[in-house]
file run-v3.tsv (TSV, C-alpha atoms and all ligand atoms)
chain	number	residue	atom	x	y	z
A	239	MET	CA	14.12	271.79	222.93
A	240	ALA	CA	11.07	273.89	222.08
A	241	GLU	CA	10.34	276.48	224.72
A	242	SER	CA	6.59	276.47	224.65
A	243	THR	CA	4.15	275.86	227.41
A	244	ALA	CA	2.32	278.37	229.42
A	245	SER	CA	4.38	280.61	231.59
A	246	LEU	CA	5.05	284.26	230.92
A	247	ALA	CA	6.41	284.65	234.45
A	248	GLY	CA	8.32	287.90	234.84
A	249	GLN	CA	8.10	288.73	231.11
A	250	VAL	CA	7.18	292.21	229.94
A	251	VAL	CA	4.07	292.19	227.75
A	252	VAL	CA	2.90	295.42	226.12
A	253	VAL	CA	-0.66	295.54	224.82
A	254	ILE	CA	-1.40	298.46	222.52
A	255	GLY	CA	-5.16	298.91	222.70
A	256	GLY	CA	-5.32	297.03	225.98
A	257	SER	CA	-8.17	298.80	227.77
A	258	ALA	CA	-11.05	296.91	226.10
A	259	GLY	CA	-12.00	293.91	224.00
A	260	ILE	CA	-9.34	291.57	222.62
A	261	GLY	CA	-6.44	293.63	223.99
A	262	LEU	CA	-7.81	293.76	227.54
A	263	GLU	CA	-8.51	290.03	227.56
A	264	THR	CA	-4.99	289.31	226.28
A	265	ALA	CA	-3.54	291.54	228.97
A	266	ARG	CA	-5.62	289.69	231.58
A	267	GLN	CA	-4.48	286.24	230.40
A	268	ALA	CA	-0.86	287.41	230.21
A	269	ARG	CA	-1.13	288.64	233.83
A	270	GLU	CA	-2.60	285.27	234.85
A	271	SER	CA	0.47	283.66	233.27
A	272	GLY	CA	2.70	285.82	235.45
A	273	ALA	CA	3.64	288.60	233.01
A	274	ARG	CA	4.38	292.20	233.89
A	275	VAL	CA	1.82	293.98	231.72
A	276	VAL	CA	1.74	297.47	230.24
A	277	ILE	CA	-1.49	298.49	228.51
A	278	THR	CA	-2.27	301.48	226.33
A	279	GLY	CA	-5.44	303.19	225.11
A	280	ARG	CA	-6.69	306.68	224.33
A	281	ASP	CA	-9.29	307.19	227.04
A	282	ARG	CA	-7.40	307.72	230.31
A	283	GLU	CA	-10.30	306.85	232.63
A	284	ARG	CA	-11.11	303.58	230.87
A	285	LEU	CA	-7.41	302.75	230.69
A	286	GLU	CA	-6.81	303.26	234.41
A	287	LYS	CA	-9.89	301.25	235.34
A	288	ALA	CA	-8.76	298.40	233.07
A	289	ALA	CA	-5.20	298.53	234.45
A	290	ALA	CA	-6.44	298.37	238.04
A	291	GLY	CA	-8.82	295.52	237.17
A	292	ILE	CA	-6.07	293.24	235.88
A	293	GLY	CA	-3.15	294.46	237.99
A	294	ALA	CA	-1.20	295.96	235.10
A	295	GLU	CA	2.23	297.36	235.94
A	296	SER	CA	1.49	300.57	234.05
A	297	ALA	CA	-1.02	302.25	231.76
A	298	VAL	CA	0.08	304.68	229.07
A	299	THR	CA	-2.16	306.85	226.89
A	300	LEU	CA	-1.51	306.41	223.18
A	301	ASP	CA	-3.46	307.23	220.03
A	302	LEU	CA	-2.19	305.19	217.09
A	303	GLY	CA	-3.21	308.12	214.91
A	304	GLU	CA	-0.32	310.13	216.43
A	305	PRO	CA	2.90	308.47	215.20
A	306	GLY	CA	5.24	310.78	217.14
A	307	ARG	CA	3.60	309.68	220.37
A	308	LEU	CA	4.39	306.06	219.56
A	309	GLU	CA	8.10	306.79	219.68
A	310	GLN	CA	7.71	308.64	223.00
A	311	VAL	CA	5.80	305.70	224.48
A	312	PHE	CA	8.47	303.22	223.42
A	313	ALA	CA	11.10	305.45	225.00
A	314	GLU	CA	9.21	305.21	228.31
A	315	LEU	CA	8.77	301.42	228.28
A	316	PRO	CA	11.17	299.06	230.08
A	317	GLN	CA	14.36	298.69	227.98
A	318	GLU	CA	13.91	294.96	227.32
A	319	LEU	CA	10.50	293.85	226.12
A	320	ASP	CA	9.33	290.28	225.69
A	321	HIS	CA	6.06	290.53	223.75
A	322	ILE	CA	3.94	293.19	222.08
A	323	LEU	CA	0.34	292.90	220.91
A	324	VAL	CA	-1.04	295.59	218.62
A	325	GLY	CA	-4.84	295.69	218.86
A	326	GLY	CA	-6.31	299.08	218.36
A	327	SER	CA	-8.31	301.13	216.10
A	328	GLY	CA	-10.99	299.09	214.32
A	329	PRO	CA	-12.05	298.60	210.70
A	330	PHE	CA	-12.79	300.99	207.84
A	331	TYR	CA	-15.87	300.21	205.76
A	332	ALA	CA	-17.05	302.43	202.88
A	333	PRO	CA	-18.26	301.80	199.33
A	334	LEU	CA	-15.90	303.21	196.70
A	335	ALA	CA	-18.44	305.75	195.48
A	336	GLU	CA	-18.75	307.23	198.98
A	337	LEU	CA	-15.15	306.84	200.05
A	338	ASP	CA	-13.57	309.90	201.65
A	339	LEU	CA	-10.09	309.60	200.18
A	340	ASP	CA	-8.46	311.69	202.89
A	341	ASP	CA	-9.93	309.41	205.56
A	342	ALA	CA	-8.87	306.36	203.56
A	343	GLU	CA	-5.34	307.69	203.26
A	344	ARG	CA	-5.17	308.38	207.01
A	345	PHE	CA	-6.43	304.86	207.75
A	346	MET	CA	-3.93	303.23	205.37
A	347	ASN	CA	-1.14	305.32	206.76
A	348	GLN	CA	-2.01	304.42	210.33
A	349	HIS	CA	-2.45	300.71	209.63
A	350	LEU	CA	0.26	300.00	207.10
A	351	VAL	CA	3.00	302.54	207.78
A	352	GLY	CA	2.00	302.40	211.45
A	353	SER	CA	2.63	298.64	211.52
A	354	LEU	CA	6.05	299.17	209.94
A	355	ARG	CA	6.81	301.88	212.47
A	356	ILE	CA	5.95	299.57	215.37
A	357	ALA	CA	7.95	296.71	213.84
A	358	ARG	CA	10.96	298.98	213.51
A	359	LEU	CA	10.64	300.18	217.10
A	360	CYS	CA	10.90	296.55	218.22
A	361	ILE	CA	14.46	296.24	216.88
A	362	GLY	CA	16.89	296.21	219.78
A	363	ARG	CA	14.02	296.33	222.28
A	364	VAL	CA	12.18	293.01	221.97
A	365	ARG	CA	14.46	290.18	223.06
A	366	ALA	CA	15.48	287.30	220.82
A	367	GLY	CA	12.62	284.80	220.65
A	368	GLY	CA	10.14	287.41	221.87
A	369	SER	CA	7.16	288.33	219.73
A	370	LEU	CA	5.21	291.06	217.99
A	371	THR	CA	1.61	290.21	217.13
A	372	PHE	CA	-0.92	292.26	215.16
A	373	ILE	CA	-4.70	291.79	215.10
A	374	SER	CA	-6.29	291.65	211.68
A	375	GLY	CA	-9.53	290.20	210.30
A	376	THR	CA	-10.93	287.47	208.07
A	377	GLY	CA	-14.07	289.40	207.09
A	378	ALA	CA	-12.62	291.26	204.11
A	379	ARG	CA	-10.97	288.30	202.42
A	380	ARG	CA	-14.05	287.80	200.27
A	381	PRO	CA	-14.68	290.88	198.10
A	382	GLY	CA	-17.84	292.83	198.91
A	383	VAL	CA	-19.36	296.28	198.75
A	384	GLY	CA	-17.64	298.58	201.24
A	385	LEU	CA	-14.76	296.23	201.94
A	386	VAL	CA	-12.03	297.53	199.64
A	387	ILE	CA	-9.99	299.38	202.27
A	388	ALA	CA	-10.40	296.62	204.86
A	389	ALA	CA	-9.38	294.08	202.19
A	390	ILE	CA	-6.21	295.96	201.33
A	391	ALA	CA	-5.30	296.37	204.99
A	392	THR	CA	-5.93	292.66	205.66
A	393	ALA	CA	-3.81	291.48	202.74
A	394	ALA	CA	-1.05	293.93	203.54
A	395	GLN	CA	-0.93	292.87	207.19
A	396	SER	CA	-0.02	289.32	206.20
A	397	ALA	CA	2.69	290.63	203.87
A	398	ILE	CA	4.04	292.90	206.60
A	399	VAL	CA	4.38	290.11	209.18
A	400	ALA	CA	5.95	287.66	206.73
A	401	ASN	CA	8.61	290.19	205.72
A	402	ALA	CA	9.11	291.56	209.22
A	403	ALA	CA	9.60	288.01	210.53
A	404	VAL	CA	12.54	287.60	208.15
A	405	GLU	CA	14.01	291.03	208.83
A	406	LEU	CA	13.49	291.18	212.60
A	407	ALA	CA	14.54	287.58	213.31
A	408	PRO	CA	14.99	286.17	215.89
A	409	ILE	CA	12.10	288.37	217.07
A	410	ARG	CA	8.93	286.56	215.93
A	411	VAL	CA	6.20	288.46	214.11
A	412	ASN	CA	2.65	287.16	213.47
A	413	THR	CA	-0.90	288.25	212.76
A	414	VAL	CA	-4.06	286.92	214.31
A	415	ALA	CA	-7.00	287.30	211.92
A	416	ALA	CA	-10.34	287.30	213.69
A	417	GLY	CA	-13.87	286.92	212.40
A	418	PHE	CA	-16.74	288.35	214.46
A	419	VAL	CA	-15.60	288.73	218.07
A	420	ASP	CA	-18.05	289.72	220.78
A	421	THR	CA	-16.34	292.89	222.04
A	422	PRO	CA	-17.35	296.48	222.82
A	423	LEU	CA	-16.30	297.34	219.23
A	424	SER	CA	-18.80	294.84	217.80
A	425	ALA	CA	-21.48	296.15	220.16
A	426	ARG	CA	-20.83	299.70	218.93
A	427	LEU	CA	-20.84	298.71	215.25
A	428	LEU	CA	-24.03	296.64	215.48
A	429	GLY	CA	-26.05	298.70	217.95
A	430	ASP	CA	-29.52	297.19	218.39
A	431	GLN	CA	-28.74	294.42	215.87
A	432	LEU	CA	-26.17	292.83	218.19
A	433	GLU	CA	-28.47	290.16	219.68
A	434	GLU	CA	-29.72	289.14	216.25
A	435	ARG	CA	-26.14	288.83	214.99
A	436	ARG	CA	-25.13	286.70	217.98
A	437	ALA	CA	-28.15	284.43	217.45
A	438	GLY	CA	-27.36	284.10	213.74
A	439	LEU	CA	-23.77	283.13	214.47
A	440	ARG	CA	-24.81	280.60	217.13
A	441	ALA	CA	-27.10	278.97	214.60
A	442	THR	CA	-24.73	278.95	211.62
A	443	LEU	CA	-21.07	278.92	212.70
A	444	PRO	CA	-19.46	275.48	212.57
A	445	ILE	CA	-18.55	275.88	216.26
A	446	ARG	CA	-22.22	276.74	217.13
A	447	ARG	CA	-21.22	279.52	219.49
A	448	VAL	CA	-19.99	283.09	219.26
A	449	VAL	CA	-16.25	283.77	219.38
A	450	GLY	CA	-15.31	285.89	222.39
A	451	PRO	CA	-12.25	288.00	223.19
A	452	GLU	CA	-10.95	285.20	225.44
A	453	ASP	CA	-10.73	282.88	222.40
A	454	VAL	CA	-8.60	285.38	220.49
A	455	ALA	CA	-6.52	286.20	223.56
A	456	ALA	CA	-5.72	282.50	224.10
A	457	LEU	CA	-4.29	282.34	220.57
A	458	VAL	CA	-2.25	285.52	221.08
A	459	VAL	CA	-0.79	284.19	224.33
A	460	HIS	CA	0.02	280.93	222.54
A	461	LEU	CA	1.90	282.90	219.88
A	462	MET	CA	3.88	284.59	222.67
A	463	THR	CA	4.92	281.32	224.23
A	464	ASN	CA	5.33	278.96	221.26
A	465	THR	CA	8.73	279.89	219.87
A	466	ALA	CA	8.23	277.87	216.66
A	467	LEU	CA	5.72	280.35	215.29
A	468	THR	CA	6.67	283.31	213.13
A	469	GLY	CA	5.78	285.09	209.90
A	470	ALA	CA	2.25	283.76	209.61
A	471	THR	CA	-1.41	284.72	209.86
A	472	TYR	CA	-3.51	282.64	212.25
A	473	ASP	CA	-7.28	282.64	211.86
A	474	VAL	CA	-9.69	282.54	214.78
A	475	ASP	CA	-13.22	282.84	213.44
A	476	GLY	CA	-15.14	279.73	214.49
A	477	GLY	CA	-15.28	278.72	210.82
A	478	GLN	CA	-17.08	281.92	209.79
A	479	GLN	CA	-15.22	282.25	206.48
A	480	LEU	CA	-16.33	278.75	205.48
A	481	ILE	CA	-20.03	279.57	205.44
A	482	PRO	CA	-22.08	281.97	203.24
A	483	GLY	CA	-22.76	285.54	204.42
A	501	LIG	N1	-14.34	292.69	217.31
A	501	LIG	C1	-14.24	292.09	216.14
A	501	LIG	O1	-15.20	291.45	215.66
A	501	LIG	C2	-12.95	292.16	215.36
A	501	LIG	C3	-12.81	291.32	214.24
A	501	LIG	C4	-11.64	291.38	213.50
A	501	LIG	C5	-10.64	292.27	213.86
A	501	LIG	N2	-10.80	293.08	214.95
A	501	LIG	C6	-9.73	294.02	215.24
A	501	LIG	O2	-9.19	293.75	216.51
A	501	LIG	C7	-8.73	294.97	217.12
A	501	LIG	C8	-9.33	295.07	218.52
A	501	LIG	O3	-10.75	295.06	218.38
A	501	LIG	P1	-11.75	294.98	219.62
A	501	LIG	O4	-13.00	294.41	219.07
A	501	LIG	O5	-11.08	294.37	220.78
A	501	LIG	O6	-11.98	296.56	219.88
A	501	LIG	P2	-12.45	297.35	221.20
A	501	LIG	O7	-13.30	296.48	222.03
A	501	LIG	O8	-13.02	298.64	220.71
A	501	LIG	O9	-11.06	297.67	221.96
A	501	LIG	C9	-10.11	298.44	221.26
A	501	LIG	C10	-8.98	298.85	222.17
A	501	LIG	O10	-8.05	299.65	221.42
A	501	LIG	C11	-8.04	301.00	221.90
A	501	LIG	N3	-8.02	301.88	220.72
A	501	LIG	C12	-9.03	302.12	219.86
A	501	LIG	N4	-8.63	302.98	218.92
A	501	LIG	C13	-7.34	303.29	219.18
A	501	LIG	C14	-6.38	304.14	218.56
A	501	LIG	N5	-6.68	304.87	217.48
A	501	LIG	N6	-5.15	304.21	219.11
A	501	LIG	C15	-4.83	303.49	220.20
A	501	LIG	N7	-5.68	302.67	220.83
A	501	LIG	C16	-6.93	302.58	220.32
A	501	LIG	C17	-9.31	301.12	222.73
A	501	LIG	O11	-9.24	302.08	223.77
A	501	LIG	P3	-9.58	303.63	223.45
A	501	LIG	O12	-10.83	303.66	222.63
A	501	LIG	O13	-9.70	304.28	224.79
A	501	LIG	O14	-8.40	304.14	222.69
A	501	LIG	C18	-9.40	299.72	223.33
A	501	LIG	O15	-8.46	299.57	224.36
A	501	LIG	C19	-9.17	296.11	216.18
A	501	LIG	O16	-8.09	296.48	215.38
A	501	LIG	C20	-10.26	295.46	215.34
A	501	LIG	O17	-10.39	296.04	214.05
A	501	LIG	C21	-11.92	293.04	215.71
call {"tool": "encode", "arguments": {"input": "run-v3.tsv", "output": "structure tokens", "more": "lines below"}}
Ligand SMILES: NC(=O)c1ccc[n+]([C@@H]2O[C@H](COP(=O)([O-])OP(=O)(O)OC[C@H]3O[C@@H](n4cnc5c(N)ncnc54)[C@H](OP(=O)(O)O)[C@@H]3O)[C@@H](O)[C@H]2O)c1
result
Amino acid sequence: MAESTASLAGQVVVVIGGSAGIGLETARQARESGARVVITGRDRERLEKAAAGIGAESAVTLDLGEPGRLEQVFAELPQELDHILVGGSGPFYAPLAELDLDDAERFMNQHLVGSLRIARLCIGRVRAGGSLTFISGTGARRPGVGLVIAAIATAAQSAIVANAAVELAPIRVNTVAAGFVDTPLSARLLGDQLEERRAGLRATLPIRRVVGPEDVAALVVHLMTNTALTGATYDVDGGQQLIPG
């Protein structure tokens, strides 16, 4: 019988990039479902505040830009893990003509090789039927000026999870691809245009409201608990990719 509904009681859920936005909301919902939650982030103060706010079991500093640290962090986690969410470091937008190739290479390395590194660290640590989920985006599926690196990363992420799902089985591996989500990252990127963007989305999105981190988190928690799901990319964008702009 399918093991699906709701409870994460007693399960160990690790949220990389869990001190804000989508990661923090996922950590909160996992806690509400009874999970033992470990969150990571770079800024220690924000991390500890977030951990205390949701009752996380522990909070570990980690910068995804430092691959060696990733291995250390895994070594410190409980031996058997149930679910891992990889949120983290945000998009990379730059027109080709202005692209700093060293920055682009660092970004690709962190996102693509970094995803492989995390997938490999799950072997022998995430239990059978447990899950690894990455966050990706829908915004760079349509070509546009400044989107080339984001587009490559988005396409590659789907290829990574499909292949990793086959190789890591019975660990399940998926990507959640989000459109605009109303998080601190979006607030930073948009600055004083945030309100205008929210209003535009409310008026034009098929769902007639703005997608929030809780919407994305609900999908991630579903992927943790629905053991039929692996190897795929799940969109949560309120229909944003169906409309112009
Ligand atoms: N918001 C959107 O509209 C949207 C849309 C599509 C995809 N996404 C993707 O979803 C993921 C989460 O986005 P969000 O909007 O929730 O961002 P957010 O609100 O900025 O939260 C990001 C979290 O990740 C941590 N983090 C950031 N950079 C990191 C790094 N280099 N290494 C380790 N941890 C890092 C942050 O803490 P510290 O800063 O303290 O490290 C924080 O806990 C990102 O990958 C983003 O690109 C977001």
call {"tool": "residues_around", "arguments": {"input": "run-v3.tsv", "residues": "A:Thr468", "least_positions_apart": "5", "cutoff": "10 Å", "atoms": "all atoms listed in the file", "output": "ChimeraX atom specification"}}
result
/A:367,369-371,399-400,402-404,407-413,461
call {"tool": "residues_near_ligand", "arguments": {"input": "run-v3.tsv", "ligand": "ligand LIG 501 (chain A)", "cutoff": "6 Å", "atoms": "only C-alpha atoms and all ligand atoms", "output": "JSON, numbers by chain"}}
result
{"A": [255, 256, 257, 258, 259, 260, 261, 279, 280, 281, 300, 301, 302, 303, 325, 326, 327, 328, 329, 373, 374, 375, 416, 417, 418, 419, 420, 421, 422, 423, 424]}
call {"tool": "closest_residue", "arguments": {"input": "run-v3.tsv", "among": "A:Ile356, A:Ala391, A:Val414, A:Leu315", "to": "A:Val454", "atoms": "only C-alpha atoms"}}
result
A:Val414
call {"tool": "residues_around", "arguments": {"input": "run-v3.tsv", "residues": "A:Ala247", "least_positions_apart": "5", "cutoff": "12 Å", "atoms": "all atoms listed in the file", "output": "list in words"}}
result
Gln267, Ala268, Arg269, Glu270, Ser271, Gly272, Ala273, Arg274, Val275, Asp320 and Thr463 of chain A
call {"tool": "axis_aligned_box", "arguments": {"input": "run-v3.tsv", "around": "stretch 443-460 of chain A", "padding_each_side": "4 Å", "output": "lines of an AutoDock Vina configuration file"}}
result
center_x = -11.1
center_y = 281.7
center_z = 219.0
size_x = 30.2
size_y = 20.5
size_z = 20.9
call {"tool": "atom_distance", "arguments": {"input": "run-v3.tsv", "atom1": "atom CA of A:Glu343", "atom2": "atom CA of A:Ala397"}}
result
18.9 Å
call {"tool": "atom_distance", "arguments": {"input": "run-v3.tsv", "atom1": "atom CA of A:Pro333", "atom2": "atom CA of A:Val383"}}
result
5.7 Å
call {"tool": "decode", "arguments": {"input": "run-v3.tsv", "residues": "stretch 372-431 of chain A", "atoms": "C-alpha atoms", "output": "PDB file, in the first residue's frame"}}
result
ATOM      1  CA  PHE A 372      16.152  20.501  -4.904  1.00  0.00           C
ATOM      2  CA  ILE A 373      14.587  23.912  -5.526  1.00  0.00           C
ATOM      3  CA  SER A 374      14.802  25.220  -9.053  1.00  0.00           C
ATOM      4  CA  GLY A 375      12.821  27.747 -11.103  1.00  0.00           C
ATOM      5  CA  THR A 376      10.423  28.085 -14.016  1.00  0.00           C
ATOM      6  CA  GLY A 377      11.481  31.632 -14.935  1.00  0.00           C
ATOM      7  CA  ALA A 378      14.370  30.735 -17.239  1.00  0.00           C
ATOM      8  CA  ARG A 379      12.557  28.137 -19.320  1.00  0.00           C
ATOM      9  CA  ARG A 380      11.675  30.789 -21.878  1.00  0.00           C
ATOM     10  CA  PRO A 381      14.850  32.286 -23.390  1.00  0.00           C
ATOM     11  CA  GLY A 382      15.484  35.944 -22.561  1.00  0.00           C
ATOM     12  CA  VAL A 383      18.242  38.490 -22.153  1.00  0.00           C
ATOM     13  CA  GLY A 384      20.276  37.727 -19.039  1.00  0.00           C
ATOM     14  CA  LEU A 385      18.816  34.272 -18.521  1.00  0.00           C
ATOM     15  CA  VAL A 386      21.406  32.012 -20.138  1.00  0.00           C
ATOM     16  CA  ILE A 387      23.090  30.799 -16.942  1.00  0.00           C
ATOM     17  CA  ALA A 388      19.795  30.408 -15.082  1.00  0.00           C
ATOM     18  CA  ALA A 389      18.413  28.504 -18.098  1.00  0.00           C
ATOM     19  CA  ILE A 390      21.328  26.076 -18.140  1.00  0.00           C
ATOM     20  CA  ALA A 391      21.081  25.519 -14.395  1.00  0.00           C
ATOM     21  CA  THR A 392      17.311  24.940 -14.623  1.00  0.00           C
ATOM     22  CA  ALA A 393      17.585  22.420 -17.460  1.00  0.00           C
ATOM     23  CA  ALA A 394      20.492  20.645 -15.817  1.00  0.00           C
ATOM     24  CA  GLN A 395      18.660  20.347 -12.491  1.00  0.00           C
ATOM     25  CA  SER A 396      15.904  18.296 -14.117  1.00  0.00           C
ATOM     26  CA  ALA A 397      18.512  16.053 -15.765  1.00  0.00           C
ATOM     27  CA  ILE A 398      20.340  15.638 -12.460  1.00  0.00           C
ATOM     28  CA  VAL A 399      17.252  14.526 -10.526  1.00  0.00           C
ATOM     29  CA  ALA A 400      16.071  12.133 -13.244  1.00  0.00           C
ATOM     30  CA  ASN A 401      19.456  10.406 -13.352  1.00  0.00           C
ATOM     31  CA  ALA A 402      20.016  10.530  -9.607  1.00  0.00           C
ATOM     32  CA  ALA A 403      16.578   8.975  -9.043  1.00  0.00           C
ATOM     33  CA  VAL A 404      17.680   5.962 -11.082  1.00  0.00           C
ATOM     34  CA  GLU A 405      21.116   5.716  -9.503  1.00  0.00           C
ATOM     35  CA  LEU A 406      20.175   6.419  -5.879  1.00  0.00           C
ATOM     36  CA  ALA A 407      17.015   4.293  -5.847  1.00  0.00           C
ATOM     37  CA  PRO A 408      15.222   3.532  -3.596  1.00  0.00           C
ATOM     38  CA  ILE A 409      16.074   7.022  -2.328  1.00  0.00           C
ATOM     39  CA  ARG A 410      13.719   9.378  -4.204  1.00  0.00           C
ATOM     40  CA  VAL A 411      15.084  12.496  -5.893  1.00  0.00           C
ATOM     41  CA  ASN A 412      12.966  15.395  -7.220  1.00  0.00           C
ATOM     42  CA  THR A 413      13.055  19.073  -8.102  1.00  0.00           C
ATOM     43  CA  VAL A 414      10.488  21.700  -7.268  1.00  0.00           C
ATOM     44  CA  ALA A 415      10.525  24.491  -9.857  1.00  0.00           C
ATOM     45  CA  ALA A 416       9.080  27.727  -8.537  1.00  0.00           C
ATOM     46  CA  GLY A 417       7.963  30.876 -10.303  1.00  0.00           C
ATOM     47  CA  PHE A 418       7.906  34.142  -8.337  1.00  0.00           C
ATOM     48  CA  VAL A 419       7.720  33.355  -4.620  1.00  0.00           C
ATOM     49  CA  ASP A 420       7.225  36.118  -2.073  1.00  0.00           C
ATOM     50  CA  THR A 421      10.359  35.583   0.037  1.00  0.00           C
ATOM     51  CA  PRO A 422      13.162  37.735   1.452  1.00  0.00           C
ATOM     52  CA  LEU A 423      15.153  36.869  -1.718  1.00  0.00           C
ATOM     53  CA  SER A 424      12.437  38.345  -3.950  1.00  0.00           C
ATOM     54  CA  ALA A 425      12.251  41.415  -1.702  1.00  0.00           C
ATOM     55  CA  ARG A 426      16.019  41.898  -2.046  1.00  0.00           C
ATOM     56  CA  LEU A 427      15.996  41.423  -5.821  1.00  0.00           C
ATOM     57  CA  LEU A 428      13.062  43.770  -6.434  1.00  0.00           C
ATOM     58  CA  GLY A 429      13.741  46.462  -3.839  1.00  0.00           C
ATOM     59  CA  ASP A 430      11.186  49.265  -4.155  1.00  0.00           C
ATOM     60  CA  GLN A 431       9.488  47.518  -7.103  1.00  0.00           C
TER      61      GLN A 431
END
